[in-house]
Structures are given as structure tokens and as C-alpha cells.
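Shown here: final.pdb, PDB, C-alpha atoms.
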```
ATOM      1  CA  MET A  17      77.167 145.685 186.675  1.00  0.00           C
ATOM      2  CA  LEU A  18      76.468 146.566 182.993  1.00  0.00           C
ATOM      3  CA  THR A  19      77.836 148.799 180.334  1.00  0.00           C
ATOM      4  CA  PHE A  20      76.012 149.712 177.129  1.00  0.00           C
ATOM      5  CA  ALA A  21      77.774 149.635 173.769  1.00  0.00           C
ATOM      6  CA  PRO A  22      77.199 148.741 170.105  1.00  0.00           C
ATOM      7  CA  SER A  23      75.939 145.176 169.721  1.00  0.00           C
ATOM      8  CA  LYS A  24      76.588 142.579 167.035  1.00  0.00           C
ATOM      9  CA  ILE A  25      72.952 141.516 167.464  1.00  0.00           C
ATOM     10  CA  HIS A  26      71.243 144.886 167.033  1.00  0.00           C
ATOM     11  CA  GLY A  27      71.865 148.553 167.861  1.00  0.00           C
ATOM     12  CA  THR A  28      72.982 149.038 171.445  1.00  0.00           C
ATOM     13  CA  GLY A  29      73.304 146.142 173.859  1.00  0.00           C
ATOM     14  CA  GLY A  30      74.063 145.664 177.531  1.00  0.00           C
ATOM     15  CA  PHE A  31      77.303 143.905 178.456  1.00  0.00           C
ATOM     16  CA  ALA A  32      78.430 142.403 181.757  1.00  0.00           C
ATOM     17  CA  GLN A  33      81.223 144.413 183.374  1.00  0.00           C
ATOM     18  CA  THR A  34      81.985 141.593 185.811  1.00  0.00           C
ATOM     19  CA  ASP A  35      81.182 137.921 186.108  1.00  0.00           C
ATOM     20  CA  ILE A  36      77.516 137.466 187.073  1.00  0.00           C
ATOM     21  CA  PRO A  37      76.426 134.310 188.895  1.00  0.00           C
ATOM     22  CA  LYS A  38      73.345 132.339 187.866  1.00  0.00           C
ATOM     23  CA  GLY A  39      70.215 133.627 189.625  1.00  0.00           C
ATOM     24  CA  THR A  40      71.433 137.215 189.976  1.00  0.00           C
ATOM     25  CA  ARG A  41      68.959 140.010 189.320  1.00  0.00           C
ATOM     26  CA  VAL A  42      70.942 141.825 186.632  1.00  0.00           C
ATOM     27  CA  LEU A  43      68.653 144.774 185.955  1.00  0.00           C
ATOM     28  CA  GLU A  44      65.075 145.879 186.551  1.00  0.00           C
ATOM     29  CA  TYR A  45      62.961 146.559 183.471  1.00  0.00           C
ATOM     30  CA  LEU A  46      61.484 149.955 184.307  1.00  0.00           C
ATOM     31  CA  GLY A  47      58.547 151.724 182.743  1.00  0.00           C
ATOM     32  CA  GLN A  48      55.118 153.243 182.952  1.00  0.00           C
ATOM     33  CA  ILE A  49      52.219 151.128 184.205  1.00  0.00           C
ATOM     34  CA  ILE A  50      49.402 151.324 181.655  1.00  0.00           C
ATOM     35  CA  SER A  51      45.983 149.759 181.111  1.00  0.00           C
ATOM     36  CA  LYS A  52      45.499 146.861 178.704  1.00  0.00           C
ATOM     37  CA  ALA A  53      43.583 149.209 176.349  1.00  0.00           C
ATOM     38  CA  GLU A  54      46.464 151.690 176.313  1.00  0.00           C
ATOM     39  CA  SER A  55      48.895 148.816 175.849  1.00  0.00           C
ATOM     40  CA  LEU A  56      47.010 147.645 172.765  1.00  0.00           C
ATOM     41  CA  ARG A  57      47.027 151.182 171.354  1.00  0.00           C
ATOM     42  CA  ARG A  58      50.776 151.490 171.886  1.00  0.00           C
ATOM     43  CA  CYS A  59      51.461 148.046 170.411  1.00  0.00           C
ATOM     44  CA  GLU A  60      49.456 148.982 167.324  1.00  0.00           C
ATOM     45  CA  ALA A  61      51.748 152.037 167.085  1.00  0.00           C
ATOM     46  CA  GLN A  62      54.767 149.647 166.885  1.00  0.00           C
ATOM     47  CA  ASN A  63      55.892 149.949 170.517  1.00  0.00           C
ATOM     48  CA  TRP A  64      57.701 146.661 171.243  1.00  0.00           C
ATOM     49  CA  TYR A  65      58.817 147.518 174.804  1.00  0.00           C
ATOM     50  CA  ILE A  66      55.685 146.362 176.652  1.00  0.00           C
ATOM     51  CA  PHE A  67      55.506 143.602 179.279  1.00  0.00           C
ATOM     52  CA  ALA A  68      52.310 142.111 180.676  1.00  0.00           C
ATOM     53  CA  LEU A  69      52.042 142.604 184.447  1.00  0.00           C
ATOM     54  CA  ASP A  70      48.646 141.096 185.227  1.00  0.00           C
ATOM     55  CA  ASP A  71      45.079 140.904 183.896  1.00  0.00           C
ATOM     56  CA  GLN A  72      44.587 144.679 184.135  1.00  0.00           C
ATOM     57  CA  PHE A  73      47.953 146.330 183.575  1.00  0.00           C
ATOM     58  CA  ASP A  74      51.086 146.235 181.442  1.00  0.00           C
ATOM     59  CA  LEU A  75      54.467 147.944 181.732  1.00  0.00           C
ATOM     60  CA  ASP A  76      55.704 150.170 178.892  1.00  0.00           C
ATOM     61  CA  GLY A  77      59.506 150.377 179.016  1.00  0.00           C
ATOM     62  CA  ASN A  78      59.963 152.659 176.002  1.00  0.00           C
ATOM     63  CA  PHE A  79      61.598 155.465 177.987  1.00  0.00           C
ATOM     64  CA  ASP A  80      65.129 156.864 178.081  1.00  0.00           C
ATOM     65  CA  TRP A  81      65.248 156.224 181.843  1.00  0.00           C
ATOM     66  CA  ASN A  82      64.870 152.462 181.248  1.00  0.00           C
ATOM     67  CA  PRO A  83      68.325 151.158 180.288  1.00  0.00           C
ATOM     68  CA  ALA A  84      66.930 147.594 180.098  1.00  0.00           C
ATOM     69  CA  ARG A  85      65.210 148.566 176.825  1.00  0.00           C
ATOM     70  CA  HIS A  86      68.641 148.151 175.190  1.00  0.00           C
ATOM     71  CA  LEU A  87      68.913 144.456 176.070  1.00  0.00           C
ATOM     72  CA  ASN A  88      68.635 142.344 172.954  1.00  0.00           C
ATOM     73  CA  HIS A  89      66.639 139.212 172.194  1.00  0.00           C
ATOM     74  CA  SER A  90      68.372 135.880 171.782  1.00  0.00           C
ATOM     75  CA  CYS A  91      67.064 132.427 170.940  1.00  0.00           C
ATOM     76  CA  GLY A  92      69.768 131.119 173.326  1.00  0.00           C
ATOM     77  CA  PRO A  93      69.616 133.775 176.063  1.00  0.00           C
ATOM     78  CA  ASN A  94      71.744 134.029 179.189  1.00  0.00           C
ATOM     79  CA  CYS A  95      68.927 135.738 181.156  1.00  0.00           C
ATOM     80  CA  ASP A  96      65.183 135.489 181.690  1.00  0.00           C
ATOM     81  CA  ALA A  97      62.615 138.205 182.317  1.00  0.00           C
ATOM     82  CA  GLU A  98      60.893 137.359 185.596  1.00  0.00           C
ATOM     83  CA  GLN A  99      57.988 139.079 187.285  1.00  0.00           C
ATOM     84  CA  ALA A 100      58.069 139.541 191.060  1.00  0.00           C
ATOM     85  CA  ASP A 101      55.716 141.740 193.087  1.00  0.00           C
ATOM     86  CA  GLY A 102      54.795 143.986 190.169  1.00  0.00           C
ATOM     87  CA  HIS A 103      58.377 144.353 188.936  1.00  0.00           C
ATOM     88  CA  ILE A 104      60.074 142.852 185.904  1.00  0.00           C
ATOM     89  CA  TRP A 105      63.631 141.676 186.580  1.00  0.00           C
ATOM     90  CA  ILE A 106      66.225 140.456 184.116  1.00  0.00           C
ATOM     91  CA  VAL A 107      67.737 137.451 185.914  1.00  0.00           C
ATOM     92  CA  ALA A 108      70.818 135.423 184.949  1.00  0.00           C
ATOM     93  CA  ARG A 109      69.701 131.956 183.846  1.00  0.00           C
ATOM     94  CA  ARG A 110      73.318 130.760 183.930  1.00  0.00           C
ATOM     95  CA  ASP A 111      76.710 132.097 184.980  1.00  0.00           C
ATOM     96  CA  ILE A 112      77.659 135.023 182.716  1.00  0.00           C
ATOM     97  CA  ARG A 113      81.260 136.025 182.026  1.00  0.00           C
ATOM     98  CA  ALA A 114      82.474 139.615 182.022  1.00  0.00           C
ATOM     99  CA  GLY A 115      82.156 141.053 178.508  1.00  0.00           C
ATOM    100  CA  GLU A 116      79.208 138.862 177.470  1.00  0.00           C
ATOM    101  CA  GLU A 117      76.173 140.576 176.019  1.00  0.00           C
ATOM    102  CA  ILE A 118      73.130 140.274 178.281  1.00  0.00           C
ATOM    103  CA  THR A 119      70.206 138.777 176.348  1.00  0.00           C
ATOM    104  CA  PHE A 120      66.760 137.370 177.024  1.00  0.00           C
ATOM    105  CA  ASN A 121      64.045 135.840 174.889  1.00  0.00           C
ATOM    106  CA  TYR A 122      61.419 138.514 174.205  1.00  0.00           C
ATOM    107  CA  GLY A 123      58.735 135.828 174.265  1.00  0.00           C
ATOM    108  CA  TYR A 124      56.776 137.095 171.274  1.00  0.00           C
ATOM    109  CA  GLU A 125      53.640 135.136 170.453  1.00  0.00           C
ATOM    110  CA  LEU A 126      53.140 133.114 167.272  1.00  0.00           C
ATOM    111  CA  GLU A 127      50.775 135.727 165.803  1.00  0.00           C
ATOM    112  CA  SER A 128      52.682 137.982 163.364  1.00  0.00           C
ATOM    113  CA  TYR A 129      56.043 136.435 164.312  1.00  0.00           C
ATOM    114  CA  GLN A 130      57.323 136.787 160.748  1.00  0.00           C
ATOM    115  CA  GLU A 131      57.399 140.560 161.277  1.00  0.00           C
ATOM    116  CA  HIS A 132      60.208 140.122 163.830  1.00  0.00           C
ATOM    117  CA  PRO A 133      63.290 138.474 162.268  1.00  0.00           C
ATOM    118  CA  CYS A 134      66.068 137.504 164.670  1.00  0.00           C
ATOM    119  CA  ASN A 135      69.792 138.027 164.126  1.00  0.00           C
ATOM    120  CA  CYS A 136      71.027 136.746 167.488  1.00  0.00           C
ATOM    121  CA  GLY A 137      73.512 134.246 166.038  1.00  0.00           C
ATOM    122  CA  ALA A 138      72.754 131.593 168.677  1.00  0.00           C
ATOM    123  CA  ALA A 139      73.339 127.986 167.623  1.00  0.00           C
ATOM    124  CA  ASN A 140      69.612 127.283 168.057  1.00  0.00           C
ATOM    125  CA  CYS A 141      68.418 130.544 166.438  1.00  0.00           C
ATOM    126  CA  ILE A 142      64.957 130.047 164.967  1.00  0.00           C
ATOM    127  CA  GLY A 143      65.277 133.138 162.747  1.00  0.00           C
ATOM    128  CA  PHE A 144      62.502 135.048 164.521  1.00  0.00           C
ATOM    129  CA  MET A 145      62.069 136.787 167.894  1.00  0.00           C
ATOM    130  CA  LEU A 146      59.680 134.189 169.209  1.00  0.00           C
ATOM    131  CA  ALA A 147      58.935 132.521 172.535  1.00  0.00           C
ATOM    132  CA  GLU A 148      60.852 129.269 172.903  1.00  0.00           C
ATOM    133  CA  GLU A 149      57.619 127.286 173.254  1.00  0.00           C
ATOM    134  CA  TYR A 150      56.940 127.985 169.543  1.00  0.00           C
ATOM    135  CA  PHE A 151      60.368 127.021 168.151  1.00  0.00           C
ATOM    136  CA  GLU A 152      59.337 123.495 167.132  1.00  0.00           C
ATOM    137  CA  HIS A 153      56.177 124.760 165.410  1.00  0.00           C
ATOM    138  CA  VAL A 154      58.209 127.195 163.303  1.00  0.00           C
ATOM    139  CA  ARG A 155      60.884 124.579 162.512  1.00  0.00           C
ATOM    140  CA  ASN A 156      58.132 122.198 161.338  1.00  0.00           C
ATOM    141  CA  SER A 157      56.502 124.909 159.193  1.00  0.00           C
ATOM    142  CA  LYS A 158      59.762 125.371 157.261  1.00  0.00           C
ATOM    143  CA  ILE A 159      59.204 129.144 157.123  1.00  0.00           C
ATOM    144  CA  THR A 160      62.400 131.158 157.067  1.00  0.00           C
ATOM    145  CA  PRO A 161      62.972 134.882 157.660  1.00  0.00           C
ATOM    146  CA  ALA A 162      63.459 135.378 153.912  1.00  0.00           C
ATOM    147  CA  ASP A 163      59.970 134.003 153.106  1.00  0.00           C
TER     148      ASP A 163
END
```
Write-out of the structure in C-alpha cells:
Amino acid sequence: MLTFAPSKIHGTGGFAQTDIPKGTRVLEYLGQIISKAESLRRCEAQNWYIFALDDQFDLDGNFDWNPARHLNHSCGPNCDAEQADGHIWIVARRDIRAGEEITFNYGYELESYQEHPCNCGAANCIGFMLAEEYFEHVRNSKITPAD
């Protein structure tokens, strides 16, 4: 369903090989299940490929065998990351046309957001890889990626 190639957003991206209908599970985000303590250690070592699974465990996707690690962030994504039964799925939030880059919002928290500038090019790009719930806060703060 996907092919991986150079991205205009960043590095390598995943691109739809065919039209993908809204609601389709596009790809599973694979990885190693780790404790919260290990997750914190890896995050402090600049590992940005970690998803929260529950109160005890996280999923580290920073492995060659996880092609979903190449999917880029967008402030106007065409997919969402959804958790179901201990799995993380990248799911089409709208119909996606063949050739489109598959993107999702990484959902980074407000803490240290300035360390993660965004180059997605979406019309509503906030300038940072940040969860959508914080967009208005950042717009009101008038902080830009160059600050």
C-alpha cells in the first residue's frame, strides 16, 4: 500500500501507492515494548520514536524493521495514530490519493516544543511538531521557530 522515498517534509517519507479510503489501517507502528523508566531514558537520549501504550508501558519504534518510523509529522495530517488492543495503527483520517505522502501529527506536548520545528508546509502549519490541542496557545504566544 506504501512506498518509501525522499520527502519534501523531511528525509524519507511514506507515499500511498493506491487510493486509500478514509478509515483504512494504513500501517502498524511496530516496536519494542518498554517500561516507562526505560522510555524516559531513551527519550533523554533523543529517541523520538516512542508511543505511550498504557500506564506501565511504551512502544519504541526506532528499529529498521519498523517502516512506520519514516512517516512524517504534519500540522494538517491525512492520518491519525490510533491505539487498539496494544497496537498502534496509522489510520486514514480522510480519503488519500495515490502519490500523497502519508502524515500524522506526532502529538508532542507543549514542554520543549521549540526544540521540534516543523517544515510540513500545511496551510495551518504552526511551525512546530506539536499536538493540535496546543496550536492556539502557540499562536497566541507569538513564538516562531526562528525565536
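Among the candidates A:Ser128, A:Gln48, A:Ser90, A:Thr34, the one nearest to Leu18 of chain A when counting all atoms listed in the file is A:Thr34.
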**Message:** Here's the selection I'm unsure about, the PyMOL selection byres ((chain A and resi 41-46) around 8); applied to the file above, which residues does it give, as a ChimeraX atom specification?
**Reply:** /A:17,36,39-40,47-48,75-77,81-85,103-108
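Going from atom CA of His86 of chain A over to atom CA of Gly137 of chain A, you cover 17.3 Å.
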Would you mind listing what lies within 10 Å of segment 113-126 of chain A as a short mmCIF file (atom, residue, chain, number, x, y, z; two decimals) with C-alpha atoms, in the frame of the given file, with only C-alpha atoms counted and same-chain residues fewer than 2 positions away left out?
```cif
data_model
loop_
_atom_site.label_atom_id
_atom_site.label_comp_id
_atom_site.auth_asym_id
_atom_site.auth_seq_id
_atom_site.Cartn_x
_atom_site.Cartn_y
_atom_site.Cartn_z
CA MET A 17 77.17 145.68 186.68
CA LEU A 18 76.47 146.57 182.99
CA THR A 19 77.84 148.80 180.33
CA PHE A 20 76.01 149.71 177.13
CA ALA A 21 77.77 149.64 173.77
CA SER A 23 75.94 145.18 169.72
CA LYS A 24 76.59 142.58 167.04
CA ILE A 25 72.95 141.52 167.46
CA GLY A 29 73.30 146.14 173.86
CA GLY A 30 74.06 145.66 177.53
CA PHE A 31 77.30 143.90 178.46
CA ALA A 32 78.43 142.40 181.76
CA GLN A 33 81.22 144.41 183.37
CA THR A 34 81.98 141.59 185.81
CA ASP A 35 81.18 137.92 186.11
CA ILE A 36 77.52 137.47 187.07
CA PRO A 37 76.43 134.31 188.90
CA VAL A 42 70.94 141.82 186.63
CA LEU A 43 68.65 144.77 185.96
CA TRP A 64 57.70 146.66 171.24
CA TYR A 65 58.82 147.52 174.80
CA PHE A 67 55.51 143.60 179.28
CA ALA A 84 66.93 147.59 180.10
CA HIS A 86 68.64 148.15 175.19
CA LEU A 87 68.91 144.46 176.07
CA ASN A 88 68.64 142.34 172.95
CA HIS A 89 66.64 139.21 172.19
CA SER A 90 68.37 135.88 171.78
CA CYS A 91 67.06 132.43 170.94
CA GLY A 92 69.77 131.12 173.33
CA PRO A 93 69.62 133.78 176.06
CA ASN A 94 71.74 134.03 179.19
CA CYS A 95 68.93 135.74 181.16
CA ASP A 96 65.18 135.49 181.69
CA ALA A 97 62.62 138.21 182.32
CA ILE A 106 66.22 140.46 184.12
CA VAL A 107 67.74 137.45 185.91
CA ALA A 108 70.82 135.42 184.95
CA ARG A 109 69.70 131.96 183.85
CA ARG A 110 73.32 130.76 183.93
CA ASP A 111 76.71 132.10 184.98
CA SER A 128 52.68 137.98 163.36
CA TYR A 129 56.04 136.44 164.31
CA GLN A 130 57.32 136.79 160.75
CA HIS A 132 60.21 140.12 163.83
CA CYS A 136 71.03 136.75 167.49
CA PHE A 144 62.50 135.05 164.52
CA MET A 145 62.07 136.79 167.89
CA LEU A 146 59.68 134.19 169.21
CA ALA A 147 58.94 132.52 172.54
CA GLU A 148 60.85 129.27 172.90
CA GLU A 149 57.62 127.29 173.25
CA TYR A 150 56.94 127.98 169.54
CA PHE A 151 60.37 127.02 168.15
CA HIS A 153 56.18 124.76 165.41
CA VAL A 154 58.21 127.20 163.30
#
```
**Request:** Counting all atoms listed in the file, note down every residue that has an atom within 8 Å of the point (49.1, 149.5, 176.4) (file coordinates), as a VMD selection string.
**Result:** chain A and resid 50 to 59 66 73 to 76
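Of note, atom CA of Asp71 of chain A and atom CA of Cys134 of chain A are spaced 28.7 Å apart.
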**Fill in**
atom CA of Asn78 of chain A to atom CA of Asn140 of chain A measures 28.3 Å
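Compared by their closest atoms to Gln62 of chain A, and using only C-alpha atoms, the residues A:Glu131, A:Ser157, A:Ile49, A:Ala138 rank with A:Glu131 nearest.
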